[in-house]
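Next comes model16.txt, a file with compact mmCIF, N, CA and C atoms and all ligand atoms.
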# COMPACT_ATOMS: atom_id res chain seq x y z
N MET Z 45 53.22 15.93 53.45
CA MET Z 45 52.74 16.01 54.83
C MET Z 45 53.26 14.82 55.61
N LYS Z 46 54.03 15.10 56.67
CA LYS Z 46 54.54 14.03 57.52
C LYS Z 46 53.86 14.09 58.88
N VAL Z 47 53.53 12.92 59.38
CA VAL Z 47 52.84 12.85 60.67
C VAL Z 47 53.69 12.04 61.64
N THR Z 48 53.87 12.59 62.83
CA THR Z 48 54.57 11.86 63.88
C THR Z 48 53.56 10.98 64.60
N LEU Z 49 53.78 9.68 64.54
CA LEU Z 49 52.80 8.73 65.08
C LEU Z 49 52.57 8.92 66.57
N ARG Z 50 53.62 9.23 67.27
CA ARG Z 50 53.55 9.44 68.71
C ARG Z 50 52.50 10.50 69.07
N LYS Z 51 52.27 11.42 68.15
CA LYS Z 51 51.35 12.53 68.44
C LYS Z 51 49.91 12.22 68.08
N VAL Z 52 49.69 11.03 67.51
CA VAL Z 52 48.33 10.67 67.14
C VAL Z 52 47.63 10.09 68.37
N THR Z 53 46.47 10.62 68.68
CA THR Z 53 45.75 10.18 69.87
C THR Z 53 44.40 9.57 69.48
N LYS Z 54 43.58 9.34 70.47
CA LYS Z 54 42.23 8.82 70.23
C LYS Z 54 41.34 9.86 69.54
N THR Z 55 41.78 11.09 69.57
CA THR Z 55 41.04 12.13 68.86
C THR Z 55 41.49 12.09 67.41
N PRO Z 56 40.56 11.81 66.49
CA PRO Z 56 40.97 11.67 65.08
C PRO Z 56 41.71 12.90 64.55
N LEU Z 57 42.79 12.62 63.86
CA LEU Z 57 43.61 13.67 63.27
C LEU Z 57 43.32 13.70 61.77
N ASP Z 58 42.67 14.75 61.32
CA ASP Z 58 42.30 14.84 59.91
C ASP Z 58 43.49 15.14 59.03
N PHE Z 59 43.46 14.59 57.83
CA PHE Z 59 44.51 14.94 56.86
C PHE Z 59 43.89 14.99 55.48
N GLU Z 60 44.57 15.70 54.60
CA GLU Z 60 44.16 15.74 53.21
C GLU Z 60 45.40 16.01 52.37
N VAL Z 61 45.72 15.08 51.46
CA VAL Z 61 46.84 15.29 50.56
C VAL Z 61 46.37 15.03 49.14
N LYS Z 62 47.08 15.65 48.19
CA LYS Z 62 46.70 15.51 46.79
C LYS Z 62 47.88 15.09 45.95
N SER Z 63 47.57 14.33 44.91
CA SER Z 63 48.58 13.98 43.94
C SER Z 63 47.92 14.08 42.57
N ASN Z 64 48.36 15.00 41.75
CA ASN Z 64 47.71 15.25 40.46
C ASN Z 64 46.21 15.41 40.64
N GLU Z 65 45.46 14.43 40.15
CA GLU Z 65 44.00 14.59 40.23
C GLU Z 65 43.35 13.71 41.30
N ILE Z 66 44.16 13.20 42.20
CA ILE Z 66 43.63 12.35 43.27
C ILE Z 66 43.70 13.08 44.62
N THR Z 67 42.61 13.00 45.34
CA THR Z 67 42.59 13.55 46.70
C THR Z 67 42.48 12.40 47.70
N PHE Z 68 43.33 12.43 48.69
CA PHE Z 68 43.38 11.41 49.74
C PHE Z 68 43.02 12.13 51.03
N LYS Z 69 41.83 11.79 51.54
CA LYS Z 69 41.29 12.57 52.64
C LYS Z 69 40.73 11.63 53.71
N GLY Z 70 41.11 11.87 54.94
CA GLY Z 70 40.59 11.02 56.00
C GLY Z 70 41.18 11.38 57.34
N TYR Z 71 41.33 10.38 58.19
CA TYR Z 71 41.88 10.68 59.50
C TYR Z 71 42.72 9.53 60.05
N LEU Z 72 43.55 9.88 61.01
CA LEU Z 72 44.38 8.91 61.73
C LEU Z 72 43.90 8.91 63.17
N GLU Z 73 43.91 7.73 63.75
CA GLU Z 73 43.44 7.63 65.14
C GLU Z 73 44.24 6.55 65.84
N TYR Z 74 44.62 6.81 67.09
CA TYR Z 74 45.37 5.81 67.84
C TYR Z 74 44.49 4.59 68.09
N HIS Z 75 45.05 3.41 67.84
CA HIS Z 75 44.30 2.18 68.05
C HIS Z 75 44.75 1.52 69.35
N LEU Z 76 45.77 0.71 69.29
CA LEU Z 76 46.37 0.17 70.52
C LEU Z 76 47.76 -0.32 70.20
N GLY Z 77 48.55 -0.53 71.25
CA GLY Z 77 49.92 -0.95 71.05
C GLY Z 77 50.66 0.07 70.20
N LYS Z 78 51.26 -0.41 69.10
CA LYS Z 78 51.99 0.49 68.23
C LYS Z 78 51.17 0.84 66.99
N LEU Z 79 49.88 0.53 67.05
CA LEU Z 79 49.04 0.68 65.86
C LEU Z 79 48.21 1.96 65.82
N ILE Z 80 48.24 2.55 64.63
CA ILE Z 80 47.43 3.72 64.34
C ILE Z 80 46.46 3.31 63.24
N LEU Z 81 45.21 3.64 63.41
CA LEU Z 81 44.21 3.33 62.39
C LEU Z 81 44.14 4.47 61.38
N LEU Z 82 44.12 4.11 60.10
CA LEU Z 82 43.91 5.11 59.05
C LEU Z 82 42.62 4.77 58.33
N LYS Z 83 41.74 5.75 58.23
CA LYS Z 83 40.51 5.60 57.46
C LYS Z 83 40.46 6.77 56.51
N ALA Z 84 40.29 6.48 55.23
CA ALA Z 84 40.31 7.58 54.28
C ALA Z 84 39.56 7.22 53.00
N ASN Z 85 39.41 8.22 52.18
CA ASN Z 85 38.79 8.04 50.88
C ASN Z 85 39.72 8.61 49.81
N LEU Z 86 39.83 7.85 48.73
CA LEU Z 86 40.61 8.29 47.59
C LEU Z 86 39.62 8.65 46.50
N SER Z 87 39.71 9.85 45.98
CA SER Z 87 38.79 10.19 44.91
C SER Z 87 39.45 11.09 43.88
N GLY Z 88 38.91 11.01 42.66
CA GLY Z 88 39.45 11.81 41.57
C GLY Z 88 39.63 10.96 40.34
N PHE Z 89 40.69 11.24 39.60
CA PHE Z 89 40.96 10.51 38.36
C PHE Z 89 42.41 10.08 38.30
N LEU Z 90 42.62 8.91 37.70
CA LEU Z 90 43.97 8.42 37.45
C LEU Z 90 44.15 8.25 35.97
N THR Z 91 45.32 8.62 35.48
CA THR Z 91 45.62 8.35 34.08
C THR Z 91 46.31 7.00 34.01
N LYS Z 92 45.75 6.12 33.21
CA LYS Z 92 46.24 4.75 33.16
C LYS Z 92 46.14 4.21 31.75
N ASP Z 93 46.99 3.24 31.41
CA ASP Z 93 46.89 2.59 30.11
C ASP Z 93 45.85 1.48 30.21
N CYS Z 94 44.98 1.43 29.22
CA CYS Z 94 43.95 0.38 29.18
C CYS Z 94 44.63 -0.99 29.08
N ASP Z 95 44.12 -1.96 29.84
CA ASP Z 95 44.74 -3.28 29.83
C ASP Z 95 44.39 -4.11 28.59
N ILE Z 96 43.49 -3.58 27.77
CA ILE Z 96 43.14 -4.29 26.54
C ILE Z 96 43.79 -3.63 25.32
N CYS Z 97 43.50 -2.33 25.12
CA CYS Z 97 44.00 -1.69 23.90
C CYS Z 97 45.25 -0.84 24.14
N ALA Z 98 45.65 -0.70 25.38
CA ALA Z 98 46.85 0.06 25.75
C ALA Z 98 46.75 1.56 25.55
N GLU Z 99 45.56 2.05 25.19
CA GLU Z 99 45.35 3.49 25.08
C GLU Z 99 45.28 4.09 26.49
N GLU Z 100 45.81 5.30 26.60
CA GLU Z 100 45.73 5.98 27.88
C GLU Z 100 44.29 6.46 28.10
N PHE Z 101 43.80 6.33 29.31
CA PHE Z 101 42.47 6.86 29.61
C PHE Z 101 42.41 7.32 31.06
N LYS Z 102 41.33 8.02 31.37
CA LYS Z 102 41.15 8.50 32.74
C LYS Z 102 40.22 7.58 33.50
N LEU Z 103 40.75 7.06 34.57
CA LEU Z 103 39.99 6.14 35.39
C LEU Z 103 39.40 6.90 36.58
N PRO Z 104 38.07 6.91 36.69
CA PRO Z 104 37.49 7.57 37.86
C PRO Z 104 37.76 6.73 39.11
N VAL Z 105 38.16 7.39 40.19
CA VAL Z 105 38.49 6.67 41.42
C VAL Z 105 37.62 7.18 42.57
N ASP Z 106 37.05 6.27 43.30
CA ASP Z 106 36.31 6.63 44.51
C ASP Z 106 36.38 5.41 45.42
N GLU Z 107 37.40 5.37 46.25
CA GLU Z 107 37.63 4.18 47.05
C GLU Z 107 37.84 4.50 48.51
N ASP Z 108 37.20 3.71 49.35
CA ASP Z 108 37.43 3.86 50.78
C ASP Z 108 38.56 2.92 51.17
N VAL Z 109 39.50 3.42 51.93
CA VAL Z 109 40.59 2.57 52.40
C VAL Z 109 40.64 2.61 53.92
N GLU Z 110 41.07 1.50 54.46
CA GLU Z 110 41.18 1.39 55.91
C GLU Z 110 42.29 0.41 56.22
N PHE Z 111 43.30 0.87 56.94
CA PHE Z 111 44.38 -0.03 57.36
C PHE Z 111 45.08 0.55 58.58
N PHE Z 112 46.03 -0.22 59.09
CA PHE Z 112 46.75 0.24 60.27
C PHE Z 112 48.17 0.62 59.90
N ILE Z 113 48.70 1.57 60.64
CA ILE Z 113 50.09 1.97 60.46
C ILE Z 113 50.80 1.59 61.75
N CYS Z 114 51.95 0.94 61.61
CA CYS Z 114 52.68 0.49 62.78
C CYS Z 114 54.06 1.14 62.80
N ASP Z 115 54.46 1.60 63.97
CA ASP Z 115 55.80 2.14 64.13
C ASP Z 115 56.74 0.97 64.34
N GLY Z 116 57.54 0.68 63.34
CA GLY Z 116 58.47 -0.44 63.41
C GLY Z 116 57.83 -1.72 62.89
N ILE Z 117 58.40 -2.83 63.32
CA ILE Z 117 57.93 -4.13 62.85
C ILE Z 117 56.65 -4.51 63.58
N TYR Z 118 55.67 -4.92 62.81
CA TYR Z 118 54.42 -5.33 63.42
C TYR Z 118 54.49 -6.80 63.83
N GLU Z 119 54.29 -7.04 65.11
CA GLU Z 119 54.27 -8.42 65.60
C GLU Z 119 52.84 -8.80 65.91
N ASN Z 120 52.38 -9.76 65.17
CA ASN Z 120 51.00 -10.18 65.32
C ASN Z 120 50.87 -11.15 66.49
N GLY Z 121 50.35 -10.66 67.59
CA GLY Z 121 50.25 -11.47 68.78
C GLY Z 121 49.03 -12.38 68.82
N ASN Z 122 48.07 -12.13 67.94
CA ASN Z 122 46.89 -12.98 67.93
C ASN Z 122 46.59 -13.46 66.51
N ASP Z 123 45.45 -14.09 66.35
CA ASP Z 123 45.15 -14.71 65.05
C ASP Z 123 44.46 -13.78 64.06
N ILE Z 124 44.14 -12.58 64.52
CA ILE Z 124 43.41 -11.68 63.62
C ILE Z 124 44.37 -11.09 62.59
N GLU Z 125 44.01 -11.27 61.33
CA GLU Z 125 44.83 -10.73 60.25
C GLU Z 125 44.50 -9.25 60.07
N LEU Z 126 45.51 -8.42 60.26
CA LEU Z 126 45.30 -7.00 60.07
C LEU Z 126 46.09 -6.52 58.87
N ASP Z 127 45.55 -5.51 58.23
CA ASP Z 127 46.21 -4.88 57.12
C ASP Z 127 47.12 -3.80 57.73
N VAL Z 128 48.43 -4.05 57.74
CA VAL Z 128 49.34 -3.14 58.43
C VAL Z 128 50.44 -2.63 57.51
N VAL Z 129 50.66 -1.33 57.57
CA VAL Z 129 51.77 -0.71 56.86
C VAL Z 129 52.80 -0.34 57.91
N GLU Z 130 54.04 -0.83 57.74
CA GLU Z 130 55.08 -0.53 58.73
C GLU Z 130 55.87 0.70 58.32
N VAL Z 131 56.10 1.58 59.26
CA VAL Z 131 56.91 2.77 58.97
C VAL Z 131 58.09 2.85 59.94
N LEU Z 132 59.06 3.68 59.57
CA LEU Z 132 60.25 3.82 60.39
C LEU Z 132 60.29 5.18 61.06
N ASN Z 133 61.03 5.26 62.14
CA ASN Z 133 61.29 6.52 62.83
C ASN Z 133 60.04 7.25 63.30
N ASP Z 134 58.98 6.47 63.58
CA ASP Z 134 57.80 7.08 64.18
C ASP Z 134 57.12 8.10 63.27
N THR Z 135 57.44 8.04 61.98
CA THR Z 135 56.93 9.06 61.06
C THR Z 135 56.26 8.42 59.86
N VAL Z 136 55.11 8.95 59.50
CA VAL Z 136 54.47 8.47 58.29
C VAL Z 136 54.34 9.63 57.31
N ASP Z 137 54.73 9.35 56.07
CA ASP Z 137 54.69 10.35 55.02
C ASP Z 137 53.40 10.11 54.22
N MET Z 138 52.46 11.03 54.33
CA MET Z 138 51.15 10.83 53.72
C MET Z 138 51.21 10.78 52.19
N GLU Z 139 52.11 11.57 51.60
CA GLU Z 139 52.25 11.54 50.14
C GLU Z 139 52.74 10.16 49.68
N GLU Z 140 53.65 9.60 50.46
CA GLU Z 140 54.17 8.27 50.13
C GLU Z 140 53.06 7.22 50.20
N LEU Z 141 52.24 7.33 51.25
CA LEU Z 141 51.11 6.41 51.39
C LEU Z 141 50.17 6.54 50.20
N LEU Z 142 49.88 7.79 49.85
CA LEU Z 142 48.99 8.05 48.71
C LEU Z 142 49.56 7.43 47.45
N ASN Z 143 50.86 7.64 47.23
CA ASN Z 143 51.48 7.08 46.03
C ASN Z 143 51.39 5.56 45.99
N SER Z 144 51.56 4.91 47.14
CA SER Z 144 51.48 3.45 47.10
C SER Z 144 50.03 2.99 46.89
N GLU Z 145 49.06 3.76 47.39
CA GLU Z 145 47.65 3.43 47.12
C GLU Z 145 47.35 3.58 45.63
N ILE Z 146 47.90 4.63 45.03
CA ILE Z 146 47.69 4.87 43.60
C ILE Z 146 48.29 3.71 42.78
N GLU Z 147 49.49 3.28 43.18
CA GLU Z 147 50.13 2.16 42.48
C GLU Z 147 49.28 0.90 42.59
N LEU Z 148 48.69 0.71 43.77
CA LEU Z 148 47.82 -0.46 43.98
C LEU Z 148 46.63 -0.44 43.02
N ILE Z 149 46.00 0.71 42.92
CA ILE Z 149 44.83 0.84 42.04
C ILE Z 149 45.26 0.62 40.59
N LYS Z 150 46.40 1.21 40.23
CA LYS Z 150 46.88 1.07 38.86
C LYS Z 150 47.22 -0.37 38.49
N SER Z 151 47.65 -1.14 39.51
CA SER Z 151 48.05 -2.51 39.21
C SER Z 151 46.84 -3.43 39.02
N ASP Z 152 45.66 -2.95 39.39
CA ASP Z 152 44.44 -3.72 39.12
C ASP Z 152 44.15 -3.71 37.63
N TYR Z 153 43.26 -4.58 37.25
CA TYR Z 153 42.86 -4.66 35.85
C TYR Z 153 41.82 -3.59 35.54
N HIS Z 154 42.10 -2.75 34.54
CA HIS Z 154 41.14 -1.73 34.14
C HIS Z 154 41.12 -1.59 32.64
N SER Z 155 39.94 -1.43 32.10
CA SER Z 155 39.87 -1.19 30.66
C SER Z 155 39.11 0.11 30.39
N CYS Z 156 39.40 0.72 29.25
CA CYS Z 156 38.80 2.01 28.90
C CYS Z 156 37.36 1.83 28.45
N GLU Z 157 36.68 2.94 28.24
CA GLU Z 157 35.26 2.94 27.81
C GLU Z 157 35.06 2.10 26.55
N ASN Z 158 35.96 2.24 25.60
CA ASN Z 158 35.82 1.56 24.31
C ASN Z 158 35.90 0.04 24.42
N CYS Z 159 36.61 -0.42 25.42
CA CYS Z 159 36.83 -1.86 25.55
C CYS Z 159 35.85 -2.54 26.52
N LYS Z 160 35.00 -1.75 27.14
CA LYS Z 160 34.07 -2.34 28.12
C LYS Z 160 32.97 -3.16 27.48
ZN ZN Z 201 40.83 0.08 25.77

Take the structure in this file and express it as structure tokens.
Ligand SMILES: [Zn+2]
Amino acid sequence: MKVTLRKVTKTPLDFEVKSNEITFKGYLEYHLGKLILLKANLSGFLTKDCDICAEEFKLPVDEDVEFFICDGIYENGNDIELDVVEVLNDTVDMEELLNSEIELIKSDYHSCENCK
């Protein structure tokens, strides 16, 4: 699912994409300047290797995410630190976003039931 940022308005635009057993569901809303707000929830299961015993296990996921998407380079004009993902050509690929969120979760430390 690809979204043209230019078409995102103050009216929340709902989206839902899936990758294996993860559902990424939420909305996009125009914020200001070149920024689009994304609010969503990631839920389901991830298959991951345990960081202790290296056995594969299923990690339950239920995470709320919130960040901004910027068309082009984000120039921070003030002191507020924002979580911004920069995209090119006015287009955001929701599957790509989901995959990078999944990689983020996977890169955290997780151990299986047996090692807890
Ligand atoms: Zn383990």

Need to verify the contact set: Glu60 in chain Z, 7 Å, all atoms listed in the file, exclusion of same-chain residues closer than 3 positions in sequence. Can you return it as an MDAnalysis selection string?
chainID Z and resid 67:70

Residue nearest ligand ZN 201 (chain Z) among Z:Phe101, Z:Tyr153, Z:Tyr118, Z:Phe111 (counting only C-alpha atoms and all ligand atoms)
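Using only C-alpha atoms and all ligand atoms, the shortest distance to ligand ZN 201 (chain Z) belongs to Z:Phe101.
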
Could you pull out the strand (DSSP E) residues of chain Z from DSSP and send them as an MDAnalysis selection string?
chainID Z and resid 46:48 57:63 66:74 79:93 100:115 128:131 135:137

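For the choices Z:Leu142, Z:Val128, Z:Val136, Z:Ile66, the atom-to-atom distance to Val105 in chain Z is smallest for Z:Ile66 when using only N, CA and C atoms.
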
Contacts with ligand ZN 201 (chain Z) at most 7 Å, all atoms listed in the file counted, listed as JSON, numbers by chain:
{"Z": [93, 94, 95, 96, 97, 98, 99, 155, 156, 157, 158, 159, 160]}

Work out how far apart CA of Phe112 in chain Z and CA of Lys62 in chain Z are and give it in Å to one decimal.
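One can read the CA of Phe112 in chain Z to CA of Lys62 in chain Z distance as 20.4 Å.
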
Separation of CA of Lys92 in chain Z and atom N of Asp106 in chain Z, in Å?
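Between CA of Lys92 in chain Z and atom N of Asp106 in chain Z the gap works out to 13.8 Å.
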
Å distance separating CA of Thr48 in chain Z from atom N of Asp134 in chain Z, one decimal place
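Computing the Euclidean distance for CA of Thr48 in chain Z and atom N of Asp134 in chain Z yields 7.0 Å.
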
Skip Val109 in chain Z itself and residues of its chain fewer than 2 positions away, then list as a ChimeraX atom specification all residues within 7 Å of it, counting all atoms listed in the file.
/Z:82-86,107,111

Range 52-63 of chain Z: axis-aligned bounding box, 8 Å on each side, centre and edge lengths in Å, one decimal, as AutoDock Vina command-line options:
--center_x 45.1 --center_y 12.4 --center_z 56.5 --size_x 25.1 --size_y 23.2 --size_z 43.9

Identify, on the basis of only C-alpha atoms, every residue whose closest approach to Pro104 in chain Z does not exceed 8 Å; exclude the query and any residue fewer than 2 positions from it along the same chain; express the result as number ranges by chain.
Z: 87-90, 102, 106

Which of chain Z end up as alpha helix (DSSP H) when DSSP is run on this backbone - answer as a VMD selection string?
chain Z and resid 138 to 151

Could you pull out every residue with an atom within 8 Å of (56.8, 7.0, 61.3), file coordinates, counting only N, CA and C atoms, and send them as number ranges by chain?
Z: 47-50, 114-116, 130-137

Name the closest residue to Glu100 in chain Z among the candidates Z:His154, Z:Leu126, Z:Lys51, Z:Lys46; distances are taken between atoms, counting only C-alpha atoms.
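Ranking Z:His154, Z:Leu126, Z:Lys51, Z:Lys46 by distance to Glu100 in chain Z, first place goes to Z:His154.
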
Could range 98-109 of chain Z be completed with all heavy atoms and written as an mmCIF file, in the coordinates of the input, please?
data_model
loop_
_atom_site.group_PDB
_atom_site.id
_atom_site.type_symbol
_atom_site.label_atom_id
_atom_site.label_comp_id
_atom_site.auth_asym_id
_atom_site.auth_seq_id
_atom_site.Cartn_x
_atom_site.Cartn_y
_atom_site.Cartn_z
ATOM 1 N N ALA Z 98 45.650 -0.700 25.380
ATOM 2 C CA ALA Z 98 46.850 0.060 25.750
ATOM 3 C C ALA Z 98 46.750 1.560 25.550
ATOM 4 O O ALA Z 98 47.718 2.292 25.710
ATOM 5 C CB ALA Z 98 48.103 -0.486 25.054
ATOM 6 N N GLU Z 99 45.560 2.050 25.190
ATOM 7 C CA GLU Z 99 45.350 3.490 25.080
ATOM 8 C C GLU Z 99 45.280 4.090 26.490
ATOM 9 O O GLU Z 99 44.695 3.493 27.393
ATOM 10 C CB GLU Z 99 44.018 3.792 24.378
ATOM 11 C CG GLU Z 99 44.020 3.594 22.880
ATOM 12 C CD GLU Z 99 44.863 4.627 22.149
ATOM 13 O OE1 GLU Z 99 44.932 5.783 22.619
ATOM 14 O OE2 GLU Z 99 45.442 4.255 21.121
ATOM 15 N N GLU Z 100 45.810 5.300 26.600
ATOM 16 C CA GLU Z 100 45.730 5.980 27.880
ATOM 17 C C GLU Z 100 44.290 6.460 28.100
ATOM 18 O O GLU Z 100 43.648 6.949 27.176
ATOM 19 C CB GLU Z 100 46.679 7.173 27.839
ATOM 20 C CG GLU Z 100 47.250 7.495 29.178
ATOM 21 C CD GLU Z 100 48.310 8.580 29.084
ATOM 22 O OE1 GLU Z 100 47.950 9.709 28.739
ATOM 23 O OE2 GLU Z 100 49.485 8.277 29.364
ATOM 24 N N PHE Z 101 43.800 6.330 29.310
ATOM 25 C CA PHE Z 101 42.470 6.860 29.610
ATOM 26 C C PHE Z 101 42.410 7.320 31.060
ATOM 27 O O PHE Z 101 43.301 7.025 31.849
ATOM 28 C CB PHE Z 101 41.387 5.808 29.320
ATOM 29 C CG PHE Z 101 41.328 4.677 30.319
ATOM 30 C CD1 PHE Z 101 40.288 4.614 31.249
ATOM 31 C CD2 PHE Z 101 42.295 3.698 30.340
ATOM 32 C CE1 PHE Z 101 40.227 3.580 32.175
ATOM 33 C CE2 PHE Z 101 42.249 2.657 31.272
ATOM 34 C CZ PHE Z 101 41.203 2.596 32.186
ATOM 35 N N LYS Z 102 41.330 8.020 31.370
ATOM 36 C CA LYS Z 102 41.150 8.500 32.740
ATOM 37 C C LYS Z 102 40.220 7.580 33.500
ATOM 38 O O LYS Z 102 39.082 7.373 33.107
ATOM 39 C CB LYS Z 102 40.594 9.922 32.713
ATOM 40 C CG LYS Z 102 41.685 10.908 32.428
ATOM 41 C CD LYS Z 102 41.329 12.291 32.899
ATOM 42 C CE LYS Z 102 42.560 13.178 32.685
ATOM 43 N NZ LYS Z 102 42.383 14.496 33.259
ATOM 44 N N LEU Z 103 40.750 7.060 34.570
ATOM 45 C CA LEU Z 103 39.990 6.140 35.390
ATOM 46 C C LEU Z 103 39.400 6.900 36.580
ATOM 47 O O LEU Z 103 40.143 7.460 37.371
ATOM 48 C CB LEU Z 103 40.940 5.037 35.884
ATOM 49 C CG LEU Z 103 40.378 4.014 36.858
ATOM 50 C CD1 LEU Z 103 39.434 3.066 36.145
ATOM 51 C CD2 LEU Z 103 41.520 3.223 37.490
ATOM 52 N N PRO Z 104 38.070 6.910 36.690
ATOM 53 C CA PRO Z 104 37.490 7.570 37.860
ATOM 54 C C PRO Z 104 37.760 6.730 39.110
ATOM 55 O O PRO Z 104 37.621 5.509 39.067
ATOM 56 C CB PRO Z 104 35.988 7.621 37.566
ATOM 57 C CG PRO Z 104 35.791 6.984 36.247
ATOM 58 C CD PRO Z 104 37.057 6.312 35.829
ATOM 59 N N VAL Z 105 38.160 7.390 40.190
ATOM 60 C CA VAL Z 105 38.490 6.670 41.420
ATOM 61 C C VAL Z 105 37.620 7.180 42.570
ATOM 62 O O VAL Z 105 37.445 8.387 42.719
ATOM 63 C CB VAL Z 105 39.977 6.881 41.790
ATOM 64 C CG1 VAL Z 105 40.303 6.257 43.142
ATOM 65 C CG2 VAL Z 105 40.881 6.318 40.715
ATOM 66 N N ASP Z 106 37.050 6.270 43.300
ATOM 67 C CA ASP Z 106 36.310 6.630 44.510
ATOM 68 C C ASP Z 106 36.380 5.410 45.420
ATOM 69 O O ASP Z 106 35.562 4.518 45.327
ATOM 70 C CB ASP Z 106 34.864 7.006 44.174
ATOM 71 C CG ASP Z 106 34.104 7.436 45.427
ATOM 72 O OD1 ASP Z 106 34.747 7.649 46.485
ATOM 73 O OD2 ASP Z 106 32.873 7.544 45.352
ATOM 74 N N GLU Z 107 37.400 5.370 46.250
ATOM 75 C CA GLU Z 107 37.630 4.180 47.050
ATOM 76 C C GLU Z 107 37.840 4.500 48.510
ATOM 77 O O GLU Z 107 38.575 5.416 48.848
ATOM 78 C CB GLU Z 107 38.890 3.461 46.545
ATOM 79 C CG GLU Z 107 38.536 2.293 45.661
ATOM 80 C CD GLU Z 107 39.720 1.433 45.306
ATOM 81 O OE1 GLU Z 107 40.388 0.917 46.222
ATOM 82 O OE2 GLU Z 107 39.978 1.296 44.107
ATOM 83 N N ASP Z 108 37.200 3.710 49.350
ATOM 84 C CA ASP Z 108 37.430 3.860 50.780
ATOM 85 C C ASP Z 108 38.560 2.920 51.170
ATOM 86 O O ASP Z 108 38.567 1.771 50.770
ATOM 87 C CB ASP Z 108 36.172 3.510 51.566
ATOM 88 C CG ASP Z 108 35.093 4.552 51.358
ATOM 89 O OD1 ASP Z 108 35.429 5.749 51.297
ATOM 90 O OD2 ASP Z 108 33.911 4.168 51.234
ATOM 91 N N VAL Z 109 39.500 3.420 51.930
ATOM 92 C CA VAL Z 109 40.590 2.570 52.400
ATOM 93 C C VAL Z 109 40.640 2.610 53.920
ATOM 94 O O VAL Z 109 40.281 3.602 54.555
ATOM 95 C CB VAL Z 109 41.973 2.981 51.819
ATOM 96 C CG1 VAL Z 109 42.058 2.662 50.342
ATOM 97 C CG2 VAL Z 109 42.259 4.447 52.053
#
